[in-house]
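Undergrad: Got protein.tsv for you, TSV, C-alpha atoms:
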```tsv
chain	number	residue	atom	x	y	z
A	1	MET	CA	116.64	54.12	-3.32
A	2	ALA	CA	118.11	57.52	-2.49
A	3	THR	CA	114.72	59.13	-3.05
A	4	LEU	CA	113.06	56.64	-0.70
A	5	VAL	CA	115.66	57.31	2.00
A	6	LEU	CA	115.18	61.07	1.64
A	7	LYS	CA	111.41	60.65	1.82
A	8	MET	CA	111.70	58.60	5.01
A	9	TYR	CA	114.15	61.11	6.46
A	10	HIS	CA	111.87	64.08	5.81
A	11	CYS	CA	108.92	62.17	7.26
A	12	PHE	CA	110.91	61.28	10.40
A	13	ILE	CA	112.18	64.85	10.95
A	14	PHE	CA	108.68	66.25	10.44
A	15	ILE	CA	107.35	63.87	13.11
A	16	TRP	CA	110.29	64.80	15.37
A	17	TYR	CA	109.62	68.54	15.14
A	18	PHE	CA	105.87	68.09	15.42
A	19	SER	CA	106.34	66.00	18.59
A	20	ILE	CA	108.67	68.55	20.18
A	21	THR	CA	106.35	71.44	19.33
A	22	TYR	CA	103.32	69.54	20.61
A	23	SER	CA	105.16	68.69	23.85
A	24	LEU	CA	105.97	72.36	24.44
A	25	PHE	CA	102.42	73.54	23.94
A	26	THR	CA	100.94	70.82	26.15
A	27	ILE	CA	103.25	71.16	29.17
A	28	ASN	CA	101.24	71.44	32.39
A	29	VAL	CA	102.67	74.11	34.67
A	30	THR	CA	101.47	74.24	38.28
A	31	GLU	CA	103.83	77.06	39.27
A	32	GLN	CA	105.10	79.78	36.95
A	33	PRO	CA	108.94	79.56	36.70
A	34	VAL	CA	110.90	82.60	37.86
A	35	GLY	CA	111.78	84.84	34.92
A	36	VAL	CA	108.83	83.68	32.80
A	37	PHE	CA	105.66	85.71	32.26
A	38	LEU	CA	102.35	84.83	30.63
A	39	TYR	CA	101.79	87.66	28.14
A	40	GLY	CA	102.26	86.47	24.56
A	41	GLY	CA	102.36	82.83	25.59
A	42	GLN	CA	104.99	80.65	23.98
A	43	TRP	CA	104.63	82.62	20.74
A	44	LYS	CA	106.93	85.33	22.07
A	45	TYR	CA	110.00	83.09	21.95
A	46	LEU	CA	112.08	82.82	18.78
A	47	THR	CA	112.93	79.25	19.72
A	48	VAL	CA	109.26	78.23	19.64
A	49	LEU	CA	108.59	80.14	16.42
A	50	ASN	CA	111.58	78.37	14.91
A	51	LEU	CA	110.20	74.96	15.93
A	52	VAL	CA	106.87	75.77	14.28
A	53	LEU	CA	108.74	76.98	11.20
A	54	GLN	CA	110.86	73.81	11.00
A	55	THR	CA	107.74	71.67	11.39
A	56	LEU	CA	106.07	73.52	8.52
A	57	PHE	CA	109.20	73.29	6.38
A	58	TYR	CA	109.60	69.53	6.76
A	59	ALA	CA	105.90	69.05	6.11
A	60	VAL	CA	106.40	70.85	2.79
A	61	CYS	CA	109.52	68.74	2.14
A	62	PHE	CA	107.60	65.52	2.70
A	63	LEU	CA	104.74	66.74	0.52
A	64	THR	CA	107.25	67.58	-2.21
A	65	ASP	CA	108.76	64.10	-1.96
A	66	LEU	CA	105.33	62.51	-2.33
A	67	LEU	CA	104.43	64.62	-5.36
A	68	MET	CA	107.83	64.38	-7.06
A	69	PRO	CA	106.83	61.40	-9.27
A	70	LEU	CA	104.00	63.56	-10.67
A	71	SER	CA	106.33	65.70	-12.77
A	72	GLY	CA	103.39	67.03	-14.76
A	73	PHE	CA	101.56	68.29	-11.67
A	74	LYS	CA	101.19	72.04	-12.22
A	75	LEU	CA	101.44	72.99	-8.56
A	76	LEU	CA	104.64	70.98	-7.99
A	77	LYS	CA	106.92	73.80	-9.15
A	78	ILE	CA	105.13	76.24	-6.85
A	79	ILE	CA	105.47	73.87	-3.89
A	80	ILE	CA	109.18	73.33	-4.62
A	81	SER	CA	109.70	77.09	-4.88
A	82	CYS	CA	107.95	77.59	-1.52
A	83	ARG	CA	110.09	74.85	0.04
A	84	ASP	CA	113.30	76.42	-1.22
A	85	LEU	CA	112.28	79.93	-0.18
A	86	ILE	CA	111.34	78.79	3.33
A	87	PHE	CA	114.65	76.97	3.73
A	88	SER	CA	116.93	79.65	2.32
A	89	VAL	CA	115.35	82.75	3.89
A	90	LEU	CA	113.89	81.35	7.12
A	91	ALA	CA	114.57	77.74	8.14
A	92	PHE	CA	118.37	77.64	7.82
A	93	PRO	CA	119.02	81.20	9.11
A	94	ALA	CA	116.57	80.81	12.02
A	95	ALA	CA	117.94	77.42	13.13
A	96	THR	CA	121.54	78.67	12.96
A	97	PHE	CA	120.75	81.97	14.68
A	98	VAL	CA	118.88	80.23	17.51
A	99	PHE	CA	121.75	77.81	18.02
A	100	LEU	CA	124.52	80.43	18.00
A	101	SER	CA	122.77	83.18	19.99
A	102	PHE	CA	121.25	80.89	22.62
A	103	TRP	CA	124.41	78.98	23.49
A	104	ALA	CA	126.56	82.11	23.42
A	105	LEU	CA	124.29	83.82	25.98
A	106	TYR	CA	123.70	80.62	27.93
A	107	THR	CA	127.46	80.07	28.29
A	108	TYR	CA	127.97	83.65	29.46
A	109	ASP	CA	125.05	83.70	31.94
A	110	ARG	CA	122.09	81.40	31.50
A	111	GLU	CA	119.84	83.60	33.63
A	112	LEU	CA	119.97	86.21	30.88
A	113	VAL	CA	118.23	83.96	28.37
A	114	TYR	CA	117.07	80.69	29.99
A	115	PRO	CA	116.40	81.07	33.76
A	116	GLU	CA	117.21	78.02	35.85
A	117	GLY	CA	113.58	77.71	36.95
A	118	ILE	CA	112.65	76.57	33.44
A	119	ASP	CA	114.53	73.30	34.05
A	120	LYS	CA	111.69	72.28	36.40
A	121	VAL	CA	109.23	72.59	33.51
A	122	ILE	CA	111.20	71.72	30.38
A	123	PRO	CA	113.43	68.59	30.45
A	124	GLN	CA	117.03	68.98	29.31
A	125	TRP	CA	116.49	66.76	26.27
A	126	ILE	CA	113.79	69.13	24.98
A	127	ASN	CA	116.11	72.05	25.63
A	128	HIS	CA	118.73	70.42	23.40
A	129	ALA	CA	116.08	69.51	20.83
A	130	MET	CA	115.06	73.18	20.66
A	131	HIS	CA	118.47	74.83	20.80
A	132	THR	CA	121.09	72.29	19.75
A	133	ALA	CA	119.69	69.73	17.32
A	134	VAL	CA	118.13	72.40	15.09
A	135	PHE	CA	121.51	73.42	13.67
A	136	PRO	CA	122.94	70.00	12.63
A	137	LEU	CA	119.53	69.06	11.21
A	138	ALA	CA	119.57	72.22	9.07
A	139	VAL	CA	123.08	71.36	7.85
A	140	VAL	CA	122.04	67.78	7.04
A	141	GLU	CA	119.09	69.12	5.05
A	142	MET	CA	121.40	71.37	3.04
A	143	VAL	CA	123.66	68.40	2.23
A	144	ALA	CA	120.76	66.03	1.52
A	145	SER	CA	118.73	68.23	-0.86
A	146	PRO	CA	119.51	71.07	-3.27
A	147	HIS	CA	117.64	74.31	-2.57
A	148	ARG	CA	117.44	77.21	-4.99
A	149	TYR	CA	118.26	80.51	-3.33
A	150	PRO	CA	116.54	83.71	-4.45
A	151	PRO	CA	118.65	86.65	-5.68
A	152	LYS	CA	120.70	87.89	-2.73
A	153	LYS	CA	118.93	91.27	-2.59
A	154	SER	CA	115.49	89.65	-2.49
A	155	GLY	CA	116.55	87.03	0.05
A	156	LEU	CA	118.13	89.54	2.40
A	157	THR	CA	115.13	91.86	2.05
A	158	LEU	CA	112.73	89.08	3.07
A	159	LEU	CA	115.01	88.08	5.93
A	160	GLY	CA	115.16	91.70	7.08
A	161	LEU	CA	111.36	92.02	7.02
A	162	CYS	CA	110.99	88.87	9.11
A	163	SER	CA	113.60	90.11	11.59
A	164	LEU	CA	111.85	93.48	11.81
A	165	SER	CA	108.51	91.76	12.42
A	166	TYR	CA	109.90	89.74	15.32
A	167	LEU	CA	111.64	92.78	16.78
A	168	SER	CA	108.37	94.73	16.60
A	169	TRP	CA	106.63	91.85	18.39
A	170	ILE	CA	109.21	91.90	21.21
A	171	ILE	CA	108.95	95.68	21.64
A	172	TRP	CA	105.14	95.49	21.59
A	173	ILE	CA	105.22	92.92	24.40
A	174	TYR	CA	107.52	95.15	26.44
A	175	PHE	CA	105.26	98.21	26.14
A	176	ALA	CA	102.10	96.13	26.70
A	177	ASP	CA	103.32	94.06	29.66
A	178	GLY	CA	106.43	95.83	30.96
A	179	ASN	CA	108.62	92.74	30.60
A	180	TRP	CA	111.32	91.89	28.12
A	181	VAL	CA	110.96	88.50	26.47
A	182	TYR	CA	114.67	87.97	27.09
A	183	PRO	CA	115.82	89.30	30.51
A	184	PHE	CA	119.21	90.53	29.27
A	185	LEU	CA	117.50	93.18	27.11
A	186	GLY	CA	116.43	94.98	30.28
A	187	LEU	CA	120.07	95.33	31.34
A	188	LEU	CA	121.13	97.17	28.19
A	189	SER	CA	121.39	100.94	27.86
A	190	PRO	CA	119.65	102.56	24.85
A	191	PHE	CA	123.01	102.57	23.05
A	192	GLY	CA	123.66	98.98	24.06
A	193	PHE	CA	120.20	97.97	22.83
A	194	ILE	CA	120.84	99.58	19.43
A	195	MET	CA	124.24	97.90	19.18
A	196	PHE	CA	122.71	94.55	20.07
A	197	LEU	CA	120.15	94.97	17.30
A	198	LEU	CA	122.86	95.88	14.80
A	199	LEU	CA	125.03	92.92	15.80
A	200	SER	CA	122.04	90.56	15.67
A	201	ASN	CA	121.18	91.74	12.16
A	202	MET	CA	124.80	91.40	11.09
A	203	LEU	CA	124.81	87.84	12.44
A	204	ALA	CA	121.56	87.03	10.61
A	205	VAL	CA	122.93	88.42	7.34
A	206	SER	CA	126.20	86.53	7.80
A	207	VAL	CA	124.33	83.29	8.45
A	208	TYR	CA	122.27	83.80	5.30
A	209	ILE	CA	125.35	84.46	3.16
A	210	VAL	CA	127.21	81.47	4.63
A	211	GLY	CA	124.18	79.26	3.96
A	212	GLU	CA	123.94	80.47	0.38
A	213	THR	CA	127.68	79.95	-0.14
A	214	LEU	CA	127.62	76.42	1.30
A	215	ASN	CA	124.60	75.51	-0.81
A	216	HIS	CA	126.39	76.69	-3.97
A	217	LEU	CA	129.58	74.84	-3.02
A	218	ILE	CA	127.66	71.60	-2.49
A	219	TRP	CA	125.14	71.82	-5.33
A	220	GLY	CA	126.68	74.28	-7.76
A	221	PRO	CA	125.90	77.91	-8.72
A	222	GLY	CA	122.80	76.80	-10.63
A	223	THR	CA	120.94	76.67	-7.32
A	224	CYS	CA	120.57	80.45	-7.36
A	225	MET	CA	117.43	81.90	-8.93
A	226	LYS	CA	118.45	84.31	-11.64
A	227	LYS	CA	116.81	87.67	-12.11
A	228	LYS	CA	114.65	87.98	-15.14
A	229	ASN	CA	115.42	90.90	-17.41
```
So, in terms of structure tokens, how does the structure I just supplied come out?
TA:
Amino acid sequence: MATLVLKMYHCFIFIWYFSITYSLFTINVTEQPVGVFLYGGQWKYLTVLNLVLQTLFYAVCFLTDLLMPLSGFKLLKIIISCRDLIFSVLAFPAATFVFLSFWALYTYDRELVYPEGIDKVIPQWINHAMHTAVFPLAVVEMVASPHRYPPKKSGLTLLGLCSLSYLSWIIWIYFADGNWVYPFLGLLSPFGFIMFLLLSNMLAVSVYIVGETLNHLIWGPGTCMKKKN
């Protein structure tokens, strides 16, 4: 019964994320909102990349649920390993980071991260689906299913590479188009920009460690992949 409920849950959340992502990419805009530019499309926003990531993750979760009865299926272990790696290194950290960073900046001054003109294009419920619901859903997933974390060094290295890739993408857009993806970056001095990057990386690392710790508290230390000698 529990397996059936989990299967239905993963299917529902996959459909939820797919619907939100589809809605974002099919919005018809007659007038470009102030503070938004075209270069890079929606792929320049971490929020959108996170939605695509969560959609992919829950698709893998649902596929895993469907294949779970086939314990002898050779690819099942690989699929489960991919699911766990996506969740531990990307899905949980990204969802938590988006939630914390967005609402912290939004509370301070929304124009720095989510200009008011966007409200004319994106309904408030989609805003909350993108920036609020992602965190509790990630927590529910952690409680609902055990996920094996890679060795801390490997996990943090992969997380760092992903963070570096997104940072490179943002900087590329700035030099190519002359606009910062997030307006507040243009207000920072070189020193302030470096400090922001350091603080962001510290937050990402902290989120990863907290996620790993919570996973071990809920499911036991056996959910960490041991290094092979």
Undergrad: Extract, using all atoms listed in the file, all DNA, RNA and protein residues at most 9 Å from stretch 144-149 of chain A, discarding same-chain residues fewer than 3 positions from it, and format them as a PyMOL selection string.
TA: chain A and resi 6+80-81+83-85+87-89+139-141+152+155+212+215-216+218-219+222-225
Undergrad: Could you jot down the atom CA of A:Asp109 to atom CA of A:Asn28 separation for me, Å, one decimal place?
TA: 26.8 Å
Undergrad: Just to confirm, what's the straight-line distance from atom CA of A:Ile170 to atom CA of A:Lys44 in Å (one decimal)?
TA: 7.0 Å
Undergrad: So which one's closest to A:Thr3, A:Phe97, A:Phe25, A:Phe196, A:Phe62? Using only C-alpha atoms, please.
TA: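 The answer is A:Phe62, which sits nearest to A:Thr3.
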Undergrad: Using Å and a single decimal, report how far atom CA of A:Trp16 sits from atom CA of A:Pro123.
TA: 15.9 Å
Undergrad: Skip A:Val205 itself and residues of its chain fewer than 2 positions away, then list as number ranges by chain all residues within 12 Å of it, counting all atoms listed in the file.
TA: A: 88-90, 92-94, 96-97, 152-153, 155-160, 163, 198-203, 207-212
Undergrad: Nearest to A:Pro183: which of A:Leu137, A:Val36, A:Leu164, A:Leu217 is it, counting all atoms listed in the file?
TA: A:Val36
Undergrad: Quick one: residues within 8 Å of A:Val113, only C-alpha atoms counted, chain neighbours fewer than 4 positions away excluded, as a PyMOL selection string?
TA: chain A and resi 102+105-106+109+182-184
Undergrad: Given the choices A:Leu46, A:Ala176, A:Val181, A:Leu161, which gets closest to A:Phe99 if the distance is worked out from all atoms listed in the file?
TA: A:Leu46
Undergrad: Of the candidates A:Asn127, A:Thr64, A:Ser168, A:Thr107, which shows the shortest atom-to-atom distance to A:Val48, using all atoms listed in the file?
TA: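 Ranked by minimum distance to A:Val48, first place goes to A:Asn127.
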Undergrad: For A:Ile27, which of A:Val121, A:Ile78, A:Ile171, A:Leu56 is the closest residue, counting all atoms listed in the file?
TA: A:Val121
Undergrad: Here is a test: counting only C-alpha atoms, which residue of A:Leu4, A:Glu111, A:Ile20, A:Tyr39 is nearest to A:Asp65?
TA: A:Leu4
